[in-house]
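The data block below is upload.cif; it holds mmCIF, N, CA and C atoms.
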```
data_final
#
loop_
_atom_site.label_atom_id
_atom_site.label_comp_id
_atom_site.auth_asym_id
_atom_site.auth_seq_id
_atom_site.Cartn_x
_atom_site.Cartn_y
_atom_site.Cartn_z
N MET D 11 42.53 -21.88 155.64
CA MET D 11 43.26 -21.01 154.74
C MET D 11 42.69 -21.17 153.34
N ASN D 12 42.54 -20.07 152.65
CA ASN D 12 41.97 -20.09 151.30
C ASN D 12 43.03 -20.49 150.29
N PRO D 13 42.63 -21.18 149.22
CA PRO D 13 43.58 -21.50 148.15
C PRO D 13 43.91 -20.23 147.38
N PRO D 14 45.02 -20.23 146.61
CA PRO D 14 45.33 -19.06 145.80
C PRO D 14 44.15 -18.71 144.89
N LEU D 15 43.97 -17.44 144.64
CA LEU D 15 42.84 -17.00 143.83
C LEU D 15 43.06 -17.24 142.35
N LEU D 16 44.29 -17.32 141.92
CA LEU D 16 44.57 -17.53 140.50
C LEU D 16 45.63 -18.61 140.40
N THR D 17 45.30 -19.69 139.74
CA THR D 17 46.27 -20.76 139.54
C THR D 17 46.34 -21.05 138.05
N SER D 18 47.30 -21.88 137.66
CA SER D 18 47.46 -22.16 136.25
C SER D 18 46.23 -22.87 135.67
N THR D 19 45.44 -23.51 136.50
CA THR D 19 44.24 -24.18 135.99
C THR D 19 43.08 -23.22 135.79
N ARG D 20 43.15 -22.04 136.36
CA ARG D 20 42.07 -21.08 136.22
C ARG D 20 42.43 -19.93 135.30
N SER D 21 43.63 -19.92 134.75
CA SER D 21 44.05 -18.81 133.91
C SER D 21 44.99 -19.31 132.83
N HIS D 22 44.90 -18.70 131.68
CA HIS D 22 45.80 -19.06 130.59
C HIS D 22 47.11 -18.29 130.68
N VAL D 23 47.25 -17.44 131.67
CA VAL D 23 48.44 -16.61 131.81
C VAL D 23 49.37 -17.23 132.84
N ALA D 24 50.61 -17.40 132.48
CA ALA D 24 51.59 -17.93 133.42
C ALA D 24 51.83 -16.93 134.54
N VAL D 25 51.98 -17.42 135.74
CA VAL D 25 52.25 -16.56 136.88
C VAL D 25 53.72 -16.19 136.84
N ALA D 26 54.01 -14.89 136.88
CA ALA D 26 55.38 -14.40 136.79
C ALA D 26 56.11 -14.46 138.13
N ALA D 27 55.37 -14.50 139.21
CA ALA D 27 55.96 -14.57 140.55
C ALA D 27 55.10 -15.48 141.39
N PRO D 28 55.71 -16.24 142.30
CA PRO D 28 54.89 -17.08 143.16
C PRO D 28 53.96 -16.21 144.00
N PRO D 29 52.75 -16.68 144.27
CA PRO D 29 51.83 -15.88 145.08
C PRO D 29 52.43 -15.61 146.46
N MET D 30 52.23 -14.41 146.94
CA MET D 30 52.63 -14.06 148.29
C MET D 30 51.37 -14.10 149.14
N GLY D 31 51.39 -14.82 150.24
CA GLY D 31 50.27 -14.84 151.16
C GLY D 31 50.78 -14.65 152.57
N LEU D 32 50.42 -13.56 153.20
CA LEU D 32 50.90 -13.26 154.54
C LEU D 32 49.74 -12.85 155.42
N VAL D 33 49.83 -13.20 156.71
CA VAL D 33 48.82 -12.81 157.69
C VAL D 33 49.37 -11.63 158.48
N PHE D 34 48.53 -10.60 158.64
CA PHE D 34 48.94 -9.40 159.35
C PHE D 34 48.02 -9.14 160.53
N ARG D 35 48.57 -8.43 161.51
CA ARG D 35 47.77 -8.00 162.66
C ARG D 35 46.71 -7.01 162.18
N GLY D 36 45.62 -6.95 162.88
CA GLY D 36 44.57 -6.01 162.53
C GLY D 36 44.77 -4.66 163.18
N ASP D 37 45.96 -4.07 162.99
CA ASP D 37 46.23 -2.74 163.55
C ASP D 37 47.03 -1.92 162.53
N ALA D 38 47.31 -0.68 162.90
CA ALA D 38 47.98 0.22 161.96
C ALA D 38 49.36 -0.30 161.55
N ALA D 39 50.09 -0.91 162.48
CA ALA D 39 51.41 -1.46 162.13
C ALA D 39 51.27 -2.58 161.11
N GLY D 40 50.24 -3.39 161.26
CA GLY D 40 49.99 -4.45 160.28
C GLY D 40 49.67 -3.87 158.91
N GLY D 41 48.96 -2.77 158.86
CA GLY D 41 48.66 -2.10 157.60
C GLY D 41 49.92 -1.59 156.92
N ARG D 42 50.79 -0.99 157.69
CA ARG D 42 52.06 -0.50 157.14
C ARG D 42 52.90 -1.67 156.62
N ASP D 43 52.95 -2.75 157.40
CA ASP D 43 53.72 -3.92 156.99
C ASP D 43 53.16 -4.54 155.71
N ALA D 44 51.84 -4.55 155.57
CA ALA D 44 51.20 -5.11 154.36
C ALA D 44 51.57 -4.29 153.13
N ARG D 45 51.50 -2.99 153.24
CA ARG D 45 51.88 -2.12 152.11
C ARG D 45 53.34 -2.31 151.74
N THR D 46 54.19 -2.36 152.74
CA THR D 46 55.63 -2.53 152.50
C THR D 46 55.92 -3.86 151.82
N ALA D 47 55.30 -4.93 152.29
CA ALA D 47 55.52 -6.26 151.71
C ALA D 47 55.02 -6.33 150.27
N ALA D 48 53.86 -5.77 150.01
CA ALA D 48 53.31 -5.80 148.65
C ALA D 48 54.20 -5.00 147.71
N ARG D 49 54.61 -3.82 148.11
CA ARG D 49 55.47 -2.98 147.26
C ARG D 49 56.79 -3.70 146.98
N ALA D 50 57.38 -4.31 147.98
CA ALA D 50 58.66 -5.01 147.79
C ALA D 50 58.51 -6.18 146.81
N LEU D 51 57.43 -6.94 146.93
CA LEU D 51 57.21 -8.06 146.01
C LEU D 51 57.06 -7.56 144.58
N LEU D 52 56.26 -6.54 144.38
CA LEU D 52 56.01 -6.03 143.04
C LEU D 52 57.28 -5.46 142.42
N GLU D 53 58.04 -4.71 143.19
CA GLU D 53 59.29 -4.14 142.67
C GLU D 53 60.30 -5.24 142.35
N ARG D 54 60.38 -6.25 143.21
CA ARG D 54 61.32 -7.36 143.02
C ARG D 54 61.02 -8.12 141.73
N HIS D 55 59.76 -8.13 141.31
CA HIS D 55 59.38 -8.87 140.11
C HIS D 55 59.18 -7.96 138.89
N GLY D 56 59.75 -6.76 138.95
CA GLY D 56 59.82 -5.90 137.78
C GLY D 56 58.51 -5.27 137.35
N VAL D 57 57.56 -5.16 138.25
CA VAL D 57 56.30 -4.49 137.90
C VAL D 57 56.59 -3.00 137.73
N GLU D 58 55.98 -2.42 136.72
CA GLU D 58 56.18 -1.02 136.38
C GLU D 58 55.82 -0.12 137.57
N ALA D 59 56.55 1.01 137.70
CA ALA D 59 56.39 1.90 138.84
C ALA D 59 54.95 2.39 139.02
N ASP D 60 54.28 2.76 137.93
CA ASP D 60 52.89 3.24 138.04
C ASP D 60 51.98 2.15 138.60
N CYS D 61 52.19 0.92 138.14
CA CYS D 61 51.37 -0.19 138.62
C CYS D 61 51.68 -0.50 140.09
N VAL D 62 52.96 -0.39 140.47
CA VAL D 62 53.33 -0.59 141.88
C VAL D 62 52.62 0.44 142.75
N ASP D 63 52.61 1.69 142.33
CA ASP D 63 51.94 2.74 143.11
C ASP D 63 50.44 2.48 143.21
N THR D 64 49.83 2.10 142.10
CA THR D 64 48.39 1.81 142.10
C THR D 64 48.09 0.62 143.00
N ALA D 65 48.88 -0.43 142.88
CA ALA D 65 48.66 -1.63 143.71
C ALA D 65 48.85 -1.31 145.19
N THR D 66 49.83 -0.49 145.50
CA THR D 66 50.05 -0.11 146.90
C THR D 66 48.87 0.68 147.45
N LEU D 67 48.30 1.55 146.63
CA LEU D 67 47.10 2.29 147.04
C LEU D 67 45.94 1.32 147.29
N VAL D 68 45.75 0.36 146.40
CA VAL D 68 44.67 -0.62 146.57
C VAL D 68 44.90 -1.43 147.85
N VAL D 69 46.12 -1.89 148.07
CA VAL D 69 46.43 -2.62 149.31
C VAL D 69 46.08 -1.76 150.52
N SER D 70 46.48 -0.51 150.48
CA SER D 70 46.19 0.41 151.59
C SER D 70 44.70 0.51 151.86
N GLU D 71 43.91 0.70 150.81
CA GLU D 71 42.46 0.81 150.97
C GLU D 71 41.85 -0.48 151.53
N LEU D 72 42.25 -1.62 150.97
CA LEU D 72 41.69 -2.90 151.41
C LEU D 72 42.07 -3.23 152.85
N VAL D 73 43.34 -3.04 153.22
CA VAL D 73 43.73 -3.39 154.58
C VAL D 73 43.19 -2.39 155.59
N THR D 74 43.05 -1.12 155.19
CA THR D 74 42.45 -0.15 156.09
C THR D 74 41.01 -0.56 156.42
N ASN D 75 40.27 -1.00 155.41
CA ASN D 75 38.91 -1.46 155.66
C ASN D 75 38.89 -2.71 156.52
N ALA D 76 39.83 -3.63 156.29
CA ALA D 76 39.90 -4.84 157.13
C ALA D 76 40.19 -4.46 158.57
N ILE D 77 41.11 -3.53 158.78
CA ILE D 77 41.45 -3.09 160.13
C ILE D 77 40.26 -2.40 160.78
N ARG D 78 39.63 -1.52 160.03
CA ARG D 78 38.53 -0.71 160.58
C ARG D 78 37.27 -1.53 160.86
N HIS D 79 36.93 -2.46 159.96
CA HIS D 79 35.63 -3.13 160.06
C HIS D 79 35.69 -4.57 160.53
N ALA D 80 36.77 -5.29 160.27
CA ALA D 80 36.83 -6.71 160.65
C ALA D 80 37.39 -6.91 162.04
N GLN D 81 38.23 -6.01 162.49
CA GLN D 81 38.80 -6.03 163.83
C GLN D 81 39.44 -7.37 164.17
N GLY D 82 40.39 -7.74 163.37
CA GLY D 82 41.14 -8.96 163.62
C GLY D 82 42.20 -9.12 162.57
N PRO D 83 42.97 -10.19 162.65
CA PRO D 83 44.01 -10.38 161.63
C PRO D 83 43.39 -10.60 160.26
N TYR D 84 44.15 -10.28 159.25
CA TYR D 84 43.68 -10.47 157.87
C TYR D 84 44.83 -11.05 157.06
N THR D 85 44.48 -11.62 155.91
CA THR D 85 45.48 -12.21 155.03
C THR D 85 45.54 -11.39 153.75
N LEU D 86 46.74 -11.06 153.34
CA LEU D 86 46.98 -10.37 152.07
C LEU D 86 47.63 -11.36 151.12
N ARG D 87 47.07 -11.49 149.92
CA ARG D 87 47.69 -12.30 148.87
C ARG D 87 47.91 -11.40 147.66
N VAL D 88 49.08 -11.51 147.07
CA VAL D 88 49.42 -10.77 145.86
C VAL D 88 49.95 -11.76 144.85
N ILE D 89 49.39 -11.70 143.64
CA ILE D 89 49.81 -12.58 142.55
C ILE D 89 50.16 -11.70 141.36
N VAL D 90 51.35 -11.91 140.81
CA VAL D 90 51.83 -11.14 139.67
C VAL D 90 51.86 -12.04 138.45
N SER D 91 51.20 -11.62 137.37
CA SER D 91 51.29 -12.33 136.11
C SER D 91 51.85 -11.38 135.06
N ALA D 92 51.99 -11.87 133.86
CA ALA D 92 52.54 -11.03 132.79
C ALA D 92 51.62 -9.87 132.44
N ILE D 93 50.32 -10.00 132.68
CA ILE D 93 49.39 -8.94 132.28
C ILE D 93 48.60 -8.31 133.42
N ALA D 94 48.72 -8.86 134.63
CA ALA D 94 47.89 -8.36 135.72
C ALA D 94 48.58 -8.53 137.07
N VAL D 95 48.09 -7.77 138.03
CA VAL D 95 48.43 -7.94 139.44
C VAL D 95 47.11 -8.18 140.16
N GLU D 96 47.06 -9.27 140.91
CA GLU D 96 45.87 -9.57 141.71
C GLU D 96 46.20 -9.34 143.17
N ILE D 97 45.32 -8.63 143.84
CA ILE D 97 45.47 -8.33 145.26
C ILE D 97 44.22 -8.85 145.94
N ALA D 98 44.40 -9.65 146.98
CA ALA D 98 43.25 -10.18 147.70
C ALA D 98 43.48 -10.00 149.20
N VAL D 99 42.47 -9.51 149.88
CA VAL D 99 42.51 -9.39 151.33
C VAL D 99 41.35 -10.19 151.89
N SER D 100 41.68 -11.14 152.77
CA SER D 100 40.66 -11.95 153.45
C SER D 100 40.62 -11.52 154.91
N ASP D 101 39.41 -11.37 155.44
CA ASP D 101 39.26 -11.03 156.85
C ASP D 101 38.13 -11.85 157.45
N PRO D 102 38.03 -11.88 158.77
CA PRO D 102 37.05 -12.74 159.42
C PRO D 102 35.61 -12.21 159.43
N SER D 103 35.38 -11.01 158.94
CA SER D 103 34.03 -10.45 158.97
C SER D 103 33.20 -10.95 157.79
N PRO D 104 32.00 -11.45 158.05
CA PRO D 104 31.13 -11.87 156.95
C PRO D 104 30.40 -10.71 156.28
N THR D 105 30.49 -9.52 156.85
CA THR D 105 29.76 -8.37 156.33
C THR D 105 30.42 -7.89 155.03
N PRO D 106 29.64 -7.86 153.94
CA PRO D 106 30.22 -7.40 152.67
C PRO D 106 30.46 -5.90 152.70
N PRO D 107 31.41 -5.45 151.90
CA PRO D 107 31.65 -4.00 151.84
C PRO D 107 30.45 -3.31 151.20
N ARG D 108 30.26 -2.07 151.55
CA ARG D 108 29.19 -1.30 150.93
C ARG D 108 29.73 0.05 150.50
N THR D 109 29.25 0.51 149.38
CA THR D 109 29.64 1.82 148.89
C THR D 109 28.78 2.85 149.61
N ARG D 110 29.40 3.90 150.06
CA ARG D 110 28.64 4.98 150.70
C ARG D 110 29.14 6.30 150.17
N ALA D 111 28.36 7.32 150.39
CA ALA D 111 28.76 8.65 149.93
C ALA D 111 30.00 9.09 150.70
N PRO D 112 31.00 9.60 150.00
CA PRO D 112 32.19 10.09 150.69
C PRO D 112 31.86 11.21 151.65
N ASP D 113 32.53 11.18 152.81
CA ASP D 113 32.33 12.22 153.82
C ASP D 113 33.30 13.35 153.54
N LEU D 114 32.79 14.44 153.01
CA LEU D 114 33.62 15.59 152.65
C LEU D 114 33.80 16.57 153.80
N ILE D 115 33.06 16.35 154.90
CA ILE D 115 33.12 17.30 156.01
C ILE D 115 33.97 16.77 157.17
N ASP D 116 33.63 15.57 157.65
CA ASP D 116 34.32 15.03 158.82
C ASP D 116 35.49 14.11 158.49
N GLY D 117 35.65 13.77 157.23
CA GLY D 117 36.78 12.93 156.82
C GLY D 117 36.73 11.51 157.34
N THR D 118 35.53 10.93 157.44
CA THR D 118 35.41 9.57 157.98
C THR D 118 35.42 8.50 156.90
N GLY D 119 35.76 8.86 155.69
CA GLY D 119 35.92 7.84 154.65
C GLY D 119 34.84 7.88 153.60
N GLY D 120 34.71 6.74 152.91
CA GLY D 120 33.75 6.61 151.85
C GLY D 120 34.36 6.71 150.46
N PHE D 121 35.67 6.93 150.40
CA PHE D 121 36.34 7.09 149.11
C PHE D 121 36.93 5.79 148.57
N GLY D 122 37.27 4.86 149.46
CA GLY D 122 38.01 3.67 149.09
C GLY D 122 37.39 2.84 147.99
N SER D 123 36.13 2.50 148.12
CA SER D 123 35.51 1.64 147.11
C SER D 123 35.40 2.36 145.77
N LEU D 124 35.21 3.67 145.80
CA LEU D 124 35.15 4.44 144.55
C LEU D 124 36.52 4.48 143.88
N ILE D 125 37.56 4.66 144.66
CA ILE D 125 38.93 4.68 144.12
C ILE D 125 39.25 3.32 143.51
N ILE D 126 38.98 2.25 144.25
CA ILE D 126 39.29 0.91 143.77
C ILE D 126 38.50 0.59 142.50
N ALA D 127 37.24 0.93 142.47
CA ALA D 127 36.41 0.66 141.29
C ALA D 127 36.96 1.39 140.06
N ARG D 128 37.49 2.56 140.26
CA ARG D 128 38.04 3.34 139.14
C ARG D 128 39.35 2.76 138.61
N LEU D 129 40.16 2.19 139.51
CA LEU D 129 41.49 1.69 139.15
C LEU D 129 41.49 0.25 138.65
N ALA D 130 40.53 -0.53 139.08
CA ALA D 130 40.58 -1.98 138.87
C ALA D 130 39.94 -2.40 137.55
N ARG D 131 40.47 -3.49 137.00
CA ARG D 131 39.80 -4.16 135.89
C ARG D 131 38.59 -4.92 136.43
N ARG D 132 38.77 -5.50 137.63
CA ARG D 132 37.71 -6.32 138.20
C ARG D 132 37.83 -6.31 139.72
N VAL D 133 36.68 -6.30 140.40
CA VAL D 133 36.62 -6.44 141.86
C VAL D 133 35.64 -7.57 142.15
N ILE D 134 36.08 -8.52 142.96
CA ILE D 134 35.24 -9.67 143.30
C ILE D 134 35.19 -9.78 144.82
N VAL D 135 33.99 -9.94 145.36
CA VAL D 135 33.81 -10.20 146.79
C VAL D 135 33.33 -11.62 146.93
N ASP D 136 34.07 -12.41 147.68
CA ASP D 136 33.76 -13.82 147.88
C ASP D 136 33.50 -14.06 149.36
N ASN D 137 32.26 -14.41 149.71
CA ASN D 137 31.94 -14.77 151.09
C ASN D 137 32.22 -16.25 151.29
N HIS D 138 32.79 -16.59 152.43
CA HIS D 138 33.10 -17.97 152.74
C HIS D 138 32.93 -18.20 154.24
N ASP D 139 33.10 -19.44 154.68
CA ASP D 139 32.86 -19.79 156.08
C ASP D 139 33.70 -18.99 157.06
N ASP D 140 34.89 -18.57 156.64
CA ASP D 140 35.81 -17.85 157.52
C ASP D 140 35.68 -16.34 157.43
N GLY D 141 34.72 -15.82 156.69
CA GLY D 141 34.56 -14.38 156.53
C GLY D 141 34.37 -14.01 155.07
N LYS D 142 35.27 -13.19 154.54
CA LYS D 142 35.17 -12.78 153.13
C LYS D 142 36.54 -12.51 152.58
N THR D 143 36.61 -12.51 151.25
CA THR D 143 37.81 -12.13 150.53
C THR D 143 37.41 -11.12 149.47
N ILE D 144 38.14 -10.03 149.41
CA ILE D 144 37.95 -9.04 148.37
C ILE D 144 39.16 -9.12 147.46
N LYS D 145 38.91 -9.41 146.20
CA LYS D 145 39.97 -9.56 145.21
C LYS D 145 39.87 -8.43 144.20
N VAL D 146 41.00 -7.80 143.92
CA VAL D 146 41.08 -6.71 142.96
C VAL D 146 42.11 -7.09 141.91
N VAL D 147 41.72 -6.98 140.64
CA VAL D 147 42.62 -7.28 139.53
C VAL D 147 42.97 -5.97 138.84
N LEU D 148 44.27 -5.71 138.73
CA LEU D 148 44.78 -4.51 138.07
C LEU D 148 45.52 -4.90 136.81
N ASP D 149 45.34 -4.14 135.75
CA ASP D 149 46.13 -4.36 134.55
C ASP D 149 47.55 -3.86 134.79
N ARG D 150 48.51 -4.54 134.16
CA ARG D 150 49.92 -4.10 134.24
C ARG D 150 50.22 -3.15 133.11
#
```
Translate this file's structure into structure tokens.
Amino acid sequence: MNPPLLTSTRSHVAVAAPPMGLVFRGDAAGGRDARTAARALLERHGVEADCVDTATLVVSELVTNAIRHAQGPYTLRVIVSAIAVEIAVSDPSPTPPRTRAPDLIDGTGGFGSLIIARLARRVIVDNHDDGKTIKVVLDR
């Protein structure tokens, strides 16, 4: 299991909510459950509605890619601070994400990484022995 991505020793910002770390099935029901859990945590901790919607979209994109490409369970971590929301999805695939041209004809994807790059303050891909973690930092 990976340690939290943001702790008090790595940031000068106090964490406003304890990190949420949950493991989900690598299927559509797991994706729905991940979005629901992230939205509930953010709303419970008073995150602004626009940021909740943005974070839920990012969670959706990240877990959809984990379901589609990693084909196994994945871990979602959400950390809320006074100035940011961090979303991290870890999956067992060592293959890094790649940006590709969006498919405007067959609808097979290609939009997710572009959407996330536009919305995020920072995107970090961390490869490790158990696969990879994609971390997205959003401003509040």
Exercise for review: Could you state which residues are captured by the PyMOL selection byres (((chain D and resi 142 and name CA) around 6) and name CA) in this file, as an MDAnalysis selection string?
Suggested key: chainID D and resid 100:101 104 136:138 141 143
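Ranking D:Gly36, D:Asp43, D:Pro112, D:Val57 by their shortest atom-to-atom distance to D:Ala80, with all atoms listed in the file included, puts D:Gly36 first.
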Point to revise | For D:Ile97: contacts at 6.5 Å, only N, CA and C atoms, fewer than 2 positions along chain excluded, given as a VMD selection string | key: chain D and resid 87 to 89 95 99 144 to 148
Practice item. Using DSSP on the backbone coordinates, identify the residues of chain D assigned to strand (DSSP E); present them as a ChimeraX atom specification. Key: /D:25-34,84-91,94-101,132-138,141-149
**Study point:** Output check: residues returned by the PyMOL selection byres (((chain D and resi 68-77 and name CA) around 6) and name CA), as an NGL selection string
**Key:** :D and (36-37 or 41 or 65-67 or 78-81 or 122)
Exercise for review: Determine the residue membership of the PyMOL selection byres ((chain D and resi 32) around 6.5) for the file above and supply it as number ranges by chain.
Suggested key: D: 30-31, 33-34, 84-87
Exercise for review: Run DSSP on the backbone of this structure and report the residues of stretch 17-92 of chain D it assigns to helix (DSSP H, G or I), as a PyMOL selection string.
Suggested key: chain D and resi 38-54+59-80
Those residues you just picked out, can you put them in a file as a compact mmCIF listing (two decimals), in the frame of the given file with N, CA and C atoms?
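The result, stored in out_21.txt:
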```txt
# COMPACT_ATOMS: atom_id res chain seq x y z
N ALA D 38 47.31 -0.68 162.90
CA ALA D 38 47.98 0.22 161.96
C ALA D 38 49.36 -0.30 161.55
N ALA D 39 50.09 -0.91 162.48
CA ALA D 39 51.41 -1.46 162.13
C ALA D 39 51.27 -2.58 161.11
N GLY D 40 50.24 -3.39 161.26
CA GLY D 40 49.99 -4.45 160.28
C GLY D 40 49.67 -3.87 158.91
N GLY D 41 48.96 -2.77 158.86
CA GLY D 41 48.66 -2.10 157.60
C GLY D 41 49.92 -1.59 156.92
N ARG D 42 50.79 -0.99 157.69
CA ARG D 42 52.06 -0.50 157.14
C ARG D 42 52.90 -1.67 156.62
N ASP D 43 52.95 -2.75 157.40
CA ASP D 43 53.72 -3.92 156.99
C ASP D 43 53.16 -4.54 155.71
N ALA D 44 51.84 -4.55 155.57
CA ALA D 44 51.20 -5.11 154.36
C ALA D 44 51.57 -4.29 153.13
N ARG D 45 51.50 -2.99 153.24
CA ARG D 45 51.88 -2.12 152.11
C ARG D 45 53.34 -2.31 151.74
N THR D 46 54.19 -2.36 152.74
CA THR D 46 55.63 -2.53 152.50
C THR D 46 55.92 -3.86 151.82
N ALA D 47 55.30 -4.93 152.29
CA ALA D 47 55.52 -6.26 151.71
C ALA D 47 55.02 -6.33 150.27
N ALA D 48 53.86 -5.77 150.01
CA ALA D 48 53.31 -5.80 148.65
C ALA D 48 54.20 -5.00 147.71
N ARG D 49 54.61 -3.82 148.11
CA ARG D 49 55.47 -2.98 147.26
C ARG D 49 56.79 -3.70 146.98
N ALA D 50 57.38 -4.31 147.98
CA ALA D 50 58.66 -5.01 147.79
C ALA D 50 58.51 -6.18 146.81
N LEU D 51 57.43 -6.94 146.93
CA LEU D 51 57.21 -8.06 146.01
C LEU D 51 57.06 -7.56 144.58
N LEU D 52 56.26 -6.54 144.38
CA LEU D 52 56.01 -6.03 143.04
C LEU D 52 57.28 -5.46 142.42
N GLU D 53 58.04 -4.71 143.19
CA GLU D 53 59.29 -4.14 142.67
C GLU D 53 60.30 -5.24 142.35
N ARG D 54 60.38 -6.25 143.21
CA ARG D 54 61.32 -7.36 143.02
C ARG D 54 61.02 -8.12 141.73
N ALA D 59 56.55 1.01 137.70
CA ALA D 59 56.39 1.90 138.84
C ALA D 59 54.95 2.39 139.02
N ASP D 60 54.28 2.76 137.93
CA ASP D 60 52.89 3.24 138.04
C ASP D 60 51.98 2.15 138.60
N CYS D 61 52.19 0.92 138.14
CA CYS D 61 51.37 -0.19 138.62
C CYS D 61 51.68 -0.50 140.09
N VAL D 62 52.96 -0.39 140.47
CA VAL D 62 53.33 -0.59 141.88
C VAL D 62 52.62 0.44 142.75
N ASP D 63 52.61 1.69 142.33
CA ASP D 63 51.94 2.74 143.11
C ASP D 63 50.44 2.48 143.21
N THR D 64 49.83 2.10 142.10
CA THR D 64 48.39 1.81 142.10
C THR D 64 48.09 0.62 143.00
N ALA D 65 48.88 -0.43 142.88
CA ALA D 65 48.66 -1.63 143.71
C ALA D 65 48.85 -1.31 145.19
N THR D 66 49.83 -0.49 145.50
CA THR D 66 50.05 -0.11 146.90
C THR D 66 48.87 0.68 147.45
N LEU D 67 48.30 1.55 146.63
CA LEU D 67 47.10 2.29 147.04
C LEU D 67 45.94 1.32 147.29
N VAL D 68 45.75 0.36 146.40
CA VAL D 68 44.67 -0.62 146.57
C VAL D 68 44.90 -1.43 147.85
N VAL D 69 46.12 -1.89 148.07
CA VAL D 69 46.43 -2.62 149.31
C VAL D 69 46.08 -1.76 150.52
N SER D 70 46.48 -0.51 150.48
CA SER D 70 46.19 0.41 151.59
C SER D 70 44.70 0.51 151.86
N GLU D 71 43.91 0.70 150.81
CA GLU D 71 42.46 0.81 150.97
C GLU D 71 41.85 -0.48 151.53
N LEU D 72 42.25 -1.62 150.97
CA LEU D 72 41.69 -2.90 151.41
C LEU D 72 42.07 -3.23 152.85
N VAL D 73 43.34 -3.04 153.22
CA VAL D 73 43.73 -3.39 154.58
C VAL D 73 43.19 -2.39 155.59
N THR D 74 43.05 -1.12 155.19
CA THR D 74 42.45 -0.15 156.09
C THR D 74 41.01 -0.56 156.42
N ASN D 75 40.27 -1.00 155.41
CA ASN D 75 38.91 -1.46 155.66
C ASN D 75 38.89 -2.71 156.52
N ALA D 76 39.83 -3.63 156.29
CA ALA D 76 39.90 -4.84 157.13
C ALA D 76 40.19 -4.46 158.57
N ILE D 77 41.11 -3.53 158.78
CA ILE D 77 41.45 -3.09 160.13
C ILE D 77 40.26 -2.40 160.78
N ARG D 78 39.63 -1.52 160.03
CA ARG D 78 38.53 -0.71 160.58
C ARG D 78 37.27 -1.53 160.86
N HIS D 79 36.93 -2.46 159.96
CA HIS D 79 35.63 -3.13 160.06
C HIS D 79 35.69 -4.57 160.53
N ALA D 80 36.77 -5.29 160.27
CA ALA D 80 36.83 -6.71 160.65
C ALA D 80 37.39 -6.91 162.04
```
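Separating atom N of D:Arg110 from atom C of D:Ile93 is a distance of 28.2 Å.
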How big is the axis-aligned box around the listed atoms of stretch 139-145 of chain D once 8 Å is added on each side, and where is its centre? Give both in Å to one decimal, as JSON.
```
{"center_x": 36.4, "center_y": -14.1, "center_z": 150.9, "size_x": 23.1, "size_y": 27.4, "size_z": 29.3}
```
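Taking only N, CA and C atoms into account, D:Arg35 lies nearest to D:Pro83 out of the set D:Pro83, D:Asp139, D:Arg128, D:Val90.
The spacing separating atom CA of D:Ser123 from atom CA of D:Thr109 amounts to 6.1 Å.
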Point to revise | Shell of 8 Å around D:Glu58, all atoms listed in the file, local chain residues under 6 positions omitted, as a PyMOL selection string | key: chain D and resi 52+64+150
Revision key, fill the gap. Judged by only N, CA and C atoms, the minimum distance to D:Pro102 among D:Ile126, D:Gly56, D:Val133, D:Asp140 is found for D:Asp140
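Our summary of the geometry notes that atom CA of D:Leu51 is positioned 12.3 Å from atom CA of D:Ser91.
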